[in-house]
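Peer 1: Hey, dropping data_1.cif in here, mmCIF, C-alpha atoms and all ligand atoms:
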data_run
#
loop_
_atom_site.label_atom_id
_atom_site.label_comp_id
_atom_site.auth_asym_id
_atom_site.auth_seq_id
_atom_site.Cartn_x
_atom_site.Cartn_y
_atom_site.Cartn_z
CA MET V 1 113.48 59.63 38.85
CA ASP V 2 116.84 58.03 39.52
CA HIS V 3 118.47 55.50 41.82
CA PHE V 4 121.06 57.75 43.45
CA GLY V 5 120.12 58.51 47.03
CA LEU V 6 121.19 58.62 50.64
CA VAL V 7 121.34 55.35 52.58
CA ASP V 8 122.40 55.78 56.21
CA GLY V 9 123.50 59.33 55.46
CA GLU V 10 125.74 58.33 52.58
CA LEU V 11 125.12 58.73 48.85
CA HIS V 12 124.65 55.41 47.04
CA ALA V 13 124.15 54.35 43.46
CA GLU V 14 121.41 51.74 43.92
CA GLN V 15 122.83 49.69 46.84
CA VAL V 16 126.47 50.58 46.34
CA PRO V 17 128.11 53.38 48.38
CA LEU V 18 129.81 55.78 45.97
CA ALA V 19 132.67 56.01 48.46
CA ALA V 20 133.40 52.30 47.91
CA ILE V 21 133.72 52.83 44.16
CA ALA V 22 135.88 55.92 44.63
CA ARG V 23 138.15 53.99 47.00
CA GLU V 24 138.78 51.25 44.46
CA VAL V 25 138.71 53.12 41.15
CA GLY V 26 139.86 56.56 42.25
CA THR V 27 138.33 59.88 41.23
CA PRO V 28 137.05 61.46 39.09
CA VAL V 29 134.84 58.60 37.93
CA TYR V 30 131.46 58.42 36.20
CA VAL V 31 128.96 56.06 37.83
CA TYR V 32 125.86 54.85 35.96
CA SER V 33 122.83 53.12 37.45
CA ARG V 34 121.52 50.16 35.48
CA ALA V 35 118.07 50.38 37.08
CA THR V 36 117.77 54.04 36.11
CA LEU V 37 118.83 53.41 32.52
CA SER V 38 116.37 50.51 32.15
CA ARG V 39 113.59 52.48 33.72
CA HIS V 40 114.11 55.46 31.42
CA ALA V 41 114.23 53.18 28.39
CA GLN V 42 110.94 51.59 29.43
CA VAL V 43 109.24 54.87 30.36
CA PHE V 44 110.11 56.38 27.00
CA ARG V 45 108.81 53.33 25.15
CA GLU V 46 105.59 53.26 27.18
CA ALA V 47 105.04 56.95 26.46
CA LEU V 48 104.78 56.03 22.78
CA SER V 49 102.59 52.98 23.26
CA ALA V 50 99.49 54.67 21.79
CA LEU V 51 101.28 54.81 18.43
CA PRO V 52 101.03 51.74 16.25
CA ARG V 53 104.49 51.41 14.68
CA VAL V 54 107.48 52.82 16.54
CA HIS V 55 111.23 52.38 16.20
CA ILE V 56 113.48 53.86 18.87
CA ALA V 57 117.09 54.54 17.94
CA PHE V 58 119.11 55.63 20.97
CA ALA V 59 121.32 58.66 20.20
CA VAL V 60 124.69 57.00 20.82
CA LYS V 61 126.46 60.35 21.09
CA SER V 62 124.82 61.02 24.45
CA ASN V 63 126.53 58.00 26.02
CA PRO V 64 128.40 55.59 23.76
CA ASN V 65 129.73 53.30 26.49
CA LEU V 66 129.59 49.70 25.30
CA ALA V 67 127.82 48.43 28.43
CA VAL V 68 125.21 51.20 28.17
CA LEU V 69 124.60 50.27 24.53
CA ARG V 70 124.30 46.58 25.42
CA LEU V 71 121.75 47.38 28.12
CA LEU V 72 119.71 49.40 25.61
CA ALA V 73 120.03 46.67 22.96
CA ASN V 74 118.56 44.31 25.57
CA GLU V 75 115.68 46.77 25.99
CA GLY V 76 114.99 46.48 22.27
CA TYR V 77 116.53 49.81 21.29
CA GLY V 78 118.32 50.46 18.01
CA ALA V 79 120.88 53.20 17.56
CA ASP V 80 121.18 56.62 15.98
CA VAL V 81 124.84 57.03 15.01
CA VAL V 82 126.81 59.90 13.51
CA SER V 83 130.14 58.27 12.66
CA GLU V 84 131.60 54.93 11.65
CA GLY V 85 133.02 54.73 15.17
CA GLU V 86 129.55 55.01 16.71
CA MET V 87 128.16 52.51 14.19
CA ASN V 88 130.83 49.97 15.14
CA ARG V 89 130.08 50.49 18.83
CA ALA V 90 126.37 49.84 18.26
CA LEU V 91 127.19 46.68 16.30
CA ALA V 92 129.71 45.57 18.93
CA ALA V 93 127.01 46.02 21.59
CA GLY V 94 124.78 43.58 19.73
CA MET V 95 122.41 46.02 18.03
CA LYS V 96 121.15 44.75 14.70
CA ALA V 97 122.43 46.62 11.64
CA GLN V 98 118.83 46.96 10.47
CA ASP V 99 118.03 48.89 13.67
CA ILE V 100 120.75 51.48 13.08
CA VAL V 101 120.08 54.95 11.68
CA PHE V 102 123.01 57.01 10.36
CA SER V 103 122.59 60.77 10.90
CA GLY V 104 125.05 63.62 10.46
CA VAL V 105 125.87 66.43 8.11
CA GLY V 106 129.38 65.24 7.25
CA LYS V 107 129.28 61.50 6.62
CA THR V 108 132.36 60.77 4.51
CA ARG V 109 132.35 58.56 1.42
CA ALA V 110 134.29 55.95 3.40
CA GLU V 111 131.66 56.05 6.16
CA LEU V 112 128.78 55.78 3.71
CA ALA V 113 130.43 52.76 2.10
CA ALA V 114 131.14 51.12 5.47
CA ALA V 115 127.55 51.63 6.57
CA LEU V 116 126.22 50.15 3.31
CA ARG V 117 128.49 47.13 3.71
CA ALA V 118 127.29 46.70 7.29
CA GLY V 119 123.70 46.78 6.02
CA ILE V 120 122.39 49.52 8.29
CA GLY V 121 118.66 50.21 8.29
CA GLN V 122 118.49 53.88 7.34
CA PHE V 123 120.54 56.84 6.20
CA ASN V 124 119.19 60.24 7.18
CA LEU V 125 120.44 62.32 4.27
CA GLU V 126 121.30 65.90 5.14
CA SER V 127 121.72 67.24 1.59
CA GLU V 128 121.02 66.49 -2.04
CA GLU V 129 124.78 66.25 -2.59
CA GLU V 130 125.06 63.48 0.00
CA GLY V 131 122.21 61.56 -1.67
CA VAL V 132 123.90 61.78 -5.08
CA GLU V 133 127.15 60.43 -3.58
CA LEU V 134 125.37 57.66 -1.70
CA SER V 135 123.56 56.61 -4.89
CA ALA V 136 126.89 56.22 -6.71
CA ILE V 137 128.47 54.30 -3.83
CA ALA V 138 125.44 52.02 -3.52
CA GLN V 139 125.58 51.20 -7.23
CA SER V 140 129.29 50.45 -7.07
CA LEU V 141 128.65 48.05 -4.17
CA ASP V 142 125.54 46.61 -5.79
CA ALA V 143 123.64 47.65 -2.67
CA ARG V 144 120.51 49.62 -1.94
CA ALA V 145 120.45 52.44 0.61
CA THR V 146 117.23 53.02 2.52
CA CYS V 147 116.98 56.74 3.24
CA THR V 148 115.05 59.60 4.71
CA LEU V 149 115.65 63.26 3.94
CA ARG V 150 116.40 65.44 6.94
CA VAL V 151 114.50 68.68 6.70
CA ASN V 152 115.27 71.91 8.50
CA PRO V 153 111.82 73.15 9.53
CA ASP V 154 113.05 76.65 10.51
CA VAL V 155 111.61 76.42 14.00
CA ASP V 156 113.30 77.85 17.09
CA ALA V 157 113.63 75.07 19.69
CA ARG V 158 114.09 77.70 22.46
CA THR V 159 117.13 75.97 23.88
CA HIS V 160 120.80 76.99 24.16
CA ALA V 161 122.02 78.39 20.81
CA LYS V 162 124.89 75.89 20.66
CA ILE V 163 122.53 72.89 20.74
CA SER V 164 119.76 74.33 18.56
CA THR V 165 119.61 72.68 15.13
CA GLY V 166 116.29 73.49 13.47
CA LYS V 167 116.62 77.15 12.48
CA ALA V 168 117.26 78.07 8.84
CA GLU V 169 120.70 79.43 9.78
CA ASN V 170 121.79 76.06 11.26
CA LYS V 171 123.83 73.67 9.11
CA PHE V 172 121.45 70.73 9.48
CA GLY V 173 119.07 69.25 6.89
CA VAL V 174 117.70 70.80 3.71
CA ALA V 175 115.60 73.95 3.58
CA TYR V 176 111.91 73.24 4.06
CA ASP V 177 110.93 74.98 0.83
CA ARG V 178 113.40 72.98 -1.23
CA ALA V 179 112.72 69.63 0.43
CA ALA V 180 109.94 68.33 -1.87
CA GLY V 181 112.00 69.00 -5.01
CA ILE V 182 115.10 67.35 -3.53
CA TYR V 183 113.09 64.35 -2.34
CA ALA V 184 111.65 63.86 -5.83
CA ARG V 185 115.07 64.02 -7.46
CA LEU V 186 116.67 61.63 -4.92
CA ALA V 187 113.74 59.21 -5.27
CA GLY V 188 114.63 58.91 -8.96
CA LEU V 189 118.26 57.91 -8.32
CA PRO V 190 119.36 54.29 -8.65
CA GLY V 191 120.54 52.59 -5.47
CA LEU V 192 118.44 54.81 -3.19
CA GLU V 193 115.12 53.98 -1.65
CA MET V 194 113.59 57.16 -0.27
CA ARG V 195 111.12 56.14 2.40
CA GLY V 196 110.50 59.22 4.49
CA LEU V 197 111.53 62.39 6.26
CA ALA V 198 113.62 63.19 9.34
CA VAL V 199 113.72 66.20 11.65
CA HIS V 200 115.61 67.12 14.82
CA ILE V 201 115.35 70.71 16.05
CA GLY V 202 117.65 70.69 19.07
CA SER V 203 118.54 69.23 22.43
CA GLN V 204 117.55 69.86 26.07
CA ILE V 205 114.15 71.04 24.82
CA SER V 206 112.04 72.22 27.74
CA ASP V 207 108.93 73.37 25.88
CA LEU V 208 107.00 71.02 23.57
CA GLU V 209 105.47 73.75 21.42
CA PRO V 210 108.40 74.20 18.98
CA SER V 211 108.60 70.43 18.44
CA ARG V 212 104.86 70.31 17.85
CA GLN V 213 105.14 73.08 15.25
CA ALA V 214 108.02 71.29 13.54
CA PHE V 215 106.11 67.99 13.44
CA VAL V 216 103.01 69.71 12.01
CA ARG V 217 105.18 71.18 9.25
CA MET V 218 106.69 67.75 8.58
CA GLY V 219 103.19 66.25 8.35
CA ALA V 220 102.25 68.83 5.72
CA LEU V 221 105.38 68.03 3.73
CA MET V 222 104.60 64.31 4.00
CA GLU V 223 101.13 64.96 2.51
CA GLU V 224 102.62 67.03 -0.28
CA LEU V 225 105.06 64.24 -1.16
CA ARG V 226 102.34 61.61 -1.12
CA ALA V 227 100.12 63.79 -3.31
CA GLY V 228 103.04 63.88 -5.74
CA GLY V 229 103.03 60.09 -5.87
CA HIS V 230 105.96 59.48 -3.50
CA THR V 231 106.16 56.84 -0.81
CA VAL V 232 106.47 58.10 2.76
CA SER V 233 106.39 55.11 5.10
CA HIS V 234 108.76 56.40 7.80
CA MET V 235 108.96 59.67 9.73
CA ASP V 236 111.96 60.17 12.03
CA LEU V 237 111.14 62.77 14.68
CA GLY V 238 114.64 62.93 16.17
CA GLY V 239 115.48 63.38 19.85
CA GLY V 240 115.75 66.46 21.99
CA LEU V 241 113.49 65.99 25.00
CA GLY V 242 115.15 67.72 27.95
CA VAL V 243 115.72 66.54 31.51
CA PRO V 244 115.63 68.41 34.84
CA TYR V 245 119.13 69.50 35.87
CA LYS V 246 118.05 71.47 38.96
CA ALA V 247 115.88 70.21 41.75
CA GLY V 248 112.48 71.77 41.08
CA ASP V 249 112.90 72.16 37.30
CA ALA V 250 109.56 71.39 35.64
CA LEU V 251 110.05 69.75 32.26
CA PRO V 252 107.66 67.97 29.98
CA THR V 253 107.72 64.25 30.74
CA PRO V 254 108.05 61.46 28.17
CA ALA V 255 104.29 60.93 28.65
CA ASP V 256 103.60 64.60 27.76
CA TYR V 257 105.83 64.23 24.73
CA GLY V 258 104.12 60.98 23.68
CA ARG V 259 100.68 62.62 23.94
CA MET V 260 101.81 65.56 21.82
CA VAL V 261 103.26 63.24 19.16
CA ALA V 262 100.12 61.09 19.16
CA GLU V 263 97.96 64.17 18.71
CA VAL V 264 99.97 65.38 15.70
CA ALA V 265 100.89 62.07 14.06
CA ARG V 266 98.15 59.60 14.94
CA ASP V 267 96.77 59.44 11.38
CA TRP V 268 100.04 59.61 9.49
CA ASP V 269 100.09 55.87 8.75
CA VAL V 270 103.87 55.60 9.02
CA THR V 271 106.48 53.96 11.20
CA LEU V 272 107.46 56.71 13.61
CA MET V 273 111.12 56.81 14.55
CA PHE V 274 112.69 58.50 17.57
CA GLU V 275 116.28 59.30 18.50
CA PRO V 276 116.29 60.01 22.25
CA GLY V 277 119.61 60.49 23.98
CA ARG V 278 119.65 62.68 27.07
CA VAL V 279 116.21 61.64 28.31
CA ILE V 280 117.48 58.06 28.57
CA THR V 281 120.98 58.64 29.94
CA GLY V 282 121.01 62.08 31.62
CA ASN V 283 119.77 61.23 35.10
CA SER V 284 121.34 57.77 34.95
CA GLY V 285 124.83 58.96 35.80
CA VAL V 286 126.83 61.05 38.24
CA LEU V 287 130.42 62.23 38.17
CA VAL V 288 132.13 61.44 41.48
CA THR V 289 134.91 63.81 42.44
CA GLU V 290 137.13 64.51 45.44
CA VAL V 291 137.64 67.94 46.92
CA VAL V 292 141.35 68.75 46.52
CA ARG V 293 141.22 71.75 48.78
CA VAL V 294 139.10 74.70 49.79
CA LYS V 295 140.89 77.94 49.00
CA GLN V 296 139.98 81.26 50.57
CA GLY V 297 138.87 83.88 48.05
CA THR V 298 138.22 87.57 48.22
CA GLY V 299 134.55 86.66 48.04
CA ASN V 300 133.25 83.12 48.27
CA PRO V 301 135.63 80.26 49.01
CA TRP V 302 136.84 78.24 46.02
CA VAL V 303 136.04 74.56 46.27
CA VAL V 304 138.73 73.02 44.05
CA VAL V 305 137.69 69.52 42.95
CA ASP V 306 139.69 66.88 41.08
CA ALA V 307 137.18 66.75 38.19
CA ALA V 308 137.62 69.39 35.52
CA MET V 309 136.19 70.72 32.29
CA ASN V 310 138.00 67.95 30.41
CA ASP V 311 135.93 65.38 32.32
CA LEU V 312 132.60 67.23 32.22
CA ALA V 313 132.61 69.93 29.54
CA ARG V 314 129.00 71.06 29.72
CA PRO V 315 129.35 73.91 32.26
CA ALA V 316 132.30 75.39 30.34
CA MET V 317 130.68 74.94 26.92
CA TYR V 318 127.05 75.78 27.55
CA ASP V 319 127.05 77.39 31.01
CA ALA V 320 125.17 74.24 32.01
CA TRP V 321 124.05 73.64 35.57
CA HIS V 322 124.85 70.33 37.31
CA ASP V 323 123.70 69.91 40.90
CA PHE V 324 126.61 69.36 43.29
CA ALA V 325 126.11 67.21 46.37
CA ALA V 326 128.36 65.83 49.10
CA VAL V 327 128.62 62.04 49.27
CA LYS V 328 128.42 62.25 53.10
CA PRO V 329 126.45 65.44 53.76
CA THR V 330 126.70 66.84 57.27
CA GLY V 331 123.57 68.94 56.99
CA GLU V 332 125.65 72.11 56.93
CA ALA V 333 125.71 74.37 53.88
CA MET V 334 128.20 76.83 52.39
CA THR V 335 128.19 79.31 49.54
CA ALA V 336 131.13 78.65 47.25
CA ASN V 337 132.57 78.69 43.77
CA ILE V 338 133.25 75.17 42.45
CA VAL V 339 136.20 74.88 40.10
CA GLY V 340 138.47 72.26 38.60
CA PRO V 341 142.28 72.31 38.46
CA ILE V 342 142.64 73.22 34.75
CA CYS V 343 144.52 76.39 33.97
CA GLU V 344 141.78 78.49 32.51
CA SER V 345 138.87 80.34 34.02
CA SER V 346 136.30 78.43 32.00
CA ASP V 347 137.09 75.43 34.23
CA THR V 348 134.29 76.54 36.52
CA PHE V 349 131.35 74.36 37.53
CA ALA V 350 129.45 76.90 39.61
CA MET V 351 129.79 80.40 41.03
CA ALA V 352 128.31 81.62 44.29
CA ARG V 353 126.30 78.46 44.73
CA GLU V 354 124.78 77.27 47.95
CA ILE V 355 126.05 73.71 48.38
CA ASP V 356 126.55 71.03 51.01
CA ALA V 357 129.52 72.05 53.14
CA VAL V 358 132.61 70.14 51.97
CA LYS V 359 136.24 69.95 53.06
CA ALA V 360 139.49 68.79 51.48
CA GLY V 361 139.56 65.03 50.95
CA GLU V 362 135.77 64.62 50.93
CA LEU V 363 133.79 63.18 48.04
CA ALA V 364 131.02 64.88 46.10
CA VAL V 365 129.07 64.35 42.89
CA PHE V 366 127.89 66.33 39.93
CA ARG V 367 124.46 64.97 39.16
CA THR V 368 122.71 64.35 35.85
CA ALA V 369 126.02 63.64 34.18
CA GLY V 370 125.07 60.47 32.30
CA ALA V 371 124.45 62.28 29.01
CA TYR V 372 127.16 64.22 27.18
CA GLY V 373 129.52 63.61 30.11
CA ALA V 374 132.21 60.96 29.62
CA THR V 375 131.57 61.02 25.88
CA MET V 376 132.79 64.61 25.64
CA ALA V 377 135.79 64.07 27.90
CA ASN V 378 139.31 64.74 26.66
CA THR V 379 142.80 64.82 28.12
CA TYR V 380 143.48 68.57 28.19
CA ASN V 381 146.28 69.52 30.61
CA SER V 382 147.60 65.94 30.14
CA ARG V 383 144.97 64.57 32.45
CA ALA V 384 143.68 61.00 32.37
CA LEU V 385 140.64 60.04 30.32
CA VAL V 386 137.99 59.58 32.98
CA PRO V 387 136.85 56.00 33.83
CA GLU V 388 133.24 54.76 33.93
CA VAL V 389 131.48 52.33 36.28
CA MET V 390 128.04 50.71 36.12
CA VAL V 391 126.11 49.66 39.21
CA ASP V 392 123.42 47.00 39.29
CA GLY V 393 121.83 46.52 42.71
CA GLU V 394 124.68 45.47 44.98
CA LYS V 395 127.07 44.74 42.09
CA TRP V 396 129.25 47.13 40.19
CA ALA V 397 131.83 46.91 37.44
CA ILE V 398 134.27 49.15 35.64
CA VAL V 399 132.81 49.62 32.14
CA ALA V 400 135.57 51.91 30.85
CA ASN V 401 139.10 51.97 32.22
CA ARG V 402 140.89 55.16 33.11
CA ILE V 403 143.30 55.90 30.23
CA GLU V 404 146.40 57.15 31.97
CA PRO V 405 148.44 60.08 30.62
CA ALA V 406 151.35 57.65 30.22
CA ALA V 407 149.33 55.62 27.68
CA ILE V 408 148.65 58.75 25.67
CA LEU V 409 152.28 59.82 25.92
CA ALA V 410 153.30 56.38 24.66
CA ALA V 411 151.42 57.04 21.38
CA GLU V 412 153.60 60.08 20.64
CA GLN V 413 157.10 60.15 19.20
CA VAL V 414 159.86 62.61 18.42
CA PRO V 415 161.03 62.42 14.77
CA ASP V 416 164.72 61.61 14.10
CA TRP V 417 165.37 65.13 12.82
CA LEU V 418 164.49 66.63 16.17
CA ARG V 419 166.76 64.40 18.20
N1 LIG G 1 119.28 63.06 16.86
C1 LIG G 1 120.13 63.94 16.31
C2 LIG G 1 120.18 64.06 14.85
C3 LIG G 1 120.96 64.73 17.12
O1 LIG G 1 121.79 65.60 16.57
C4 LIG G 1 120.89 64.58 18.53
C5 LIG G 1 121.74 65.38 19.43
C6 LIG G 1 120.00 63.64 19.06
C7 LIG G 1 119.20 62.90 18.19
C8 LIG G 1 119.86 63.39 20.54
O2 LIG G 1 119.40 64.52 21.21
P1 LIG G 1 118.98 64.41 22.75
O3 LIG G 1 117.75 63.52 22.82
O4 LIG G 1 120.11 63.84 23.50
O5 LIG G 1 118.68 65.81 23.12
N2 LIG G 1 126.54 68.18 23.87
C9 LIG G 1 125.27 68.86 24.04
C10 LIG G 1 124.13 68.18 23.32
C11 LIG G 1 124.37 67.99 21.83
C12 LIG G 1 123.23 67.29 21.13
C13 LIG G 1 123.60 66.94 19.74
N3 LIG G 1 122.61 66.23 19.00
C14 LIG G 1 125.00 68.98 25.54
O6 LIG G 1 125.81 68.53 26.35
O7 LIG G 1 123.98 69.56 25.94
#
Hey, can you dump this file as structure tokens for me?
Peer 2:
Amino acid sequence: MDHFGLVDGELHAEQVPLAAIAREVGTPVYVYSRATLSRHAQVFREALSALPRVHIAFAVKSNPNLAVLRLLANEGYGADVVSEGEMNRALAAGMKAQDIVFSGVGKTRAELAAALRAGIGQFNLESEEEGVELSAIAQSLDARATCTLRVNPDVDARTHAKISTGKAENKFGVAYDRAAGIYARLAGLPGLEMRGLAVHIGSQISDLEPSRQAFVRMGALMEELRAGGHTVSHMDLGGGLGVPYKAGDALPTPADYGRMVAEVARDWDVTLMFEPGRVITGNSGVLVTEVVRVKQGTGNPWVVVDAAMNDLARPAMYDAWHDFAAVKPTGEAMTANIVGPICESSDTFAMAREIDAVKAGELAVFRTAGAYGATMANTYNSRALVPEVMVDGEKWAIVANRIEPAAILAAEQVPDWLR
């Protein structure tokens, strides 16, 4: 459920007409709904309420905007970060260092040291090598690193190959069969406190069965470690729950997910940790765009919009579907190809799609763009970095400025020897 809907025939974010935002800020622009974000944060938490000890670390990568992070900090969420930059955002948003989890296969020594100095709550180690390095850094800083070991359970998440992370051939975590040995060795290193296991098998997961299988395997590994005399007080089950992108898509709800987790993990006697991203932010944002022109084709007309693959990369990267809707629908429909202005054919949002009829100069939105939208934007074709707005009831505010091409140009220089 979200708070983007028609009021008097015109698409609004909560009580604010999207056309009013577009008029003042220009297009393309991302618009987030505070009520939707809060609701998703609460629904996800409630879905886990049958479990005794839960820590939720929002996957910052899905939407790292400072205002979004502050809102989630206010909802009691911690953060799952994958770089020093994300860590500093979470801290700047007011999240407590203790509530931050550091994931990622390529944390550098400098990042590990910075995270130790900041006093973050947990490192999810992705290899034995990383644990050995972290132990040395912790000793040199006279610090102690609280860690889990990320395990690759070799389960197929049945999602898009590019966002699947839990198969043996993926780069993430340590092999399931080697995990107990690695855990034992890392537990013996000075400066490290091994307190549990972590798993994350993929994103936009639309079927709970692979996650259930992965969690069952993790439970067995937990028992094996405990039988070997090791402490396992924390189990991090990652993120990955998908969201509906098309009207009519039936996906498991947070409540379904919570029931499945409770069934598998009820008797684990651990703090369960979660790293949701998309399920919190996905439906909380739209990308507002203006139709530049409608160009006749040999087949369907081309609706050329002023948003492009640099603003919303998901269709180009993963053939992802985002619903397209007119801001002032007339009730008429057309079948069209929707494309951006970038000079490559991958800058295509939809082919042969039945959409609201639109004309040059009219506004439209791509829906479900709150996750992996603005955060993946770039400036390809020397375009601006897309701005972001948050709406709250009748109020709205710019939460990220448009970075103009001139500002990016100003950071470049020609060396003397080329003059
Ligand atoms: N935890 C870890 C360790 C992750 O790698 C991810 C996502 C998450 C949590 C959050 O997953 P979520 O709940 O959002 O599914 N750019 C792609 C998605 C990449 C996901 C990367 N990892 C897309 O636009 O679909």
Peer 1: Which residues sit within 7 Å of ligand LIG 1 (chain G), counting all atoms listed in the file, listed as JSON, numbers by chain?
Peer 2: {"V": [59, 62, 80, 103, 104, 163, 200, 202, 203, 204, 238, 239, 240, 241, 242, 275, 276, 277, 278, 279, 314, 371, 372]}
Peer 1: I'd like the contact shell of Leu51 (chain V) - 9 Å cut-off, all atoms listed in the file, skipping same-chain residues fewer than 5 positions apart - returned as a list in words.
Peer 2: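 Once the nearby chain positions are removed, what remains is Gly258, Val261, Ala262, Ala265, Arg266, Thr271 and Leu272 of chain V.
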Peer 1: Which of these residues is nearest to Glu14 (chain V), using all atoms listed in the file: V:Gly78, V:Thr27, V:Val174, V:Ala35?
Peer 2: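 Nearest candidate to Glu14 (chain V) out of V:Gly78, V:Thr27, V:Val174, V:Ala35: V:Ala35.
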Peer 1: What does the distance between CA of Lys328 (chain V) and CA of Leu6 (chain V) come to in Å, to one decimal place?
Peer 2: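 Rounded to one decimal, the two atoms are 8.5 Å apart.
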Peer 1: Kindly indicate which residue among V:Pro210, V:Pro254, V:Pro190, V:Gly393 lies nearest to Lys167 (chain V), using only C-alpha atoms for the distances.
Peer 2: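 Ranking V:Pro210, V:Pro254, V:Pro190, V:Gly393 by distance to Lys167 (chain V), first place goes to V:Pro210.
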Peer 1: Contacts of Asp319 (chain V) at 12 Å or less, counting all atoms listed in the file, minus same-chain residues fewer than 6 places along, as a ChimeraX atom specification?
Peer 2: /V:160-162,309,312-313,346-351
Peer 1: Using all atoms of region 189-198 of chain V listed in the file and a margin of 3 Å per side, can you give the axis-aligned box centre and edge lengths in Å to one decimal, as AutoDock Vina command-line options?
Peer 2:
--center_x 115.5 --center_y 57.9 --center_z 0.3 --size_x 16.0 --size_y 16.6 --size_z 24.0
Peer 1: Quick one: of V:Pro64, V:Gly9, V:Pro17, V:Gly219, who's nearest to Gly85 (chain V), counting all atoms listed in the file?
Peer 2: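 Nearest to Gly85 (chain V): V:Pro64.
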Peer 1: Considering only C-alpha atoms, return as an MDAnalysis selection string whatever protein or nucleic-acid residues lie within 8 Å of Ile280 (chain V), sequence-local ones (same chain, fewer than 4 positions apart) excluded.
Peer 2: chainID V and resid 37 40:41 44 276 284
Peer 1: Hey, which of V:Gly297, V:Glu362, V:Trp321, V:Asp311 ends up closest to Ser382 (chain V)? Count only C-alpha atoms.
Peer 2: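 Ranking V:Gly297, V:Glu362, V:Trp321, V:Asp311 by distance to Ser382 (chain V), first place goes to V:Asp311.
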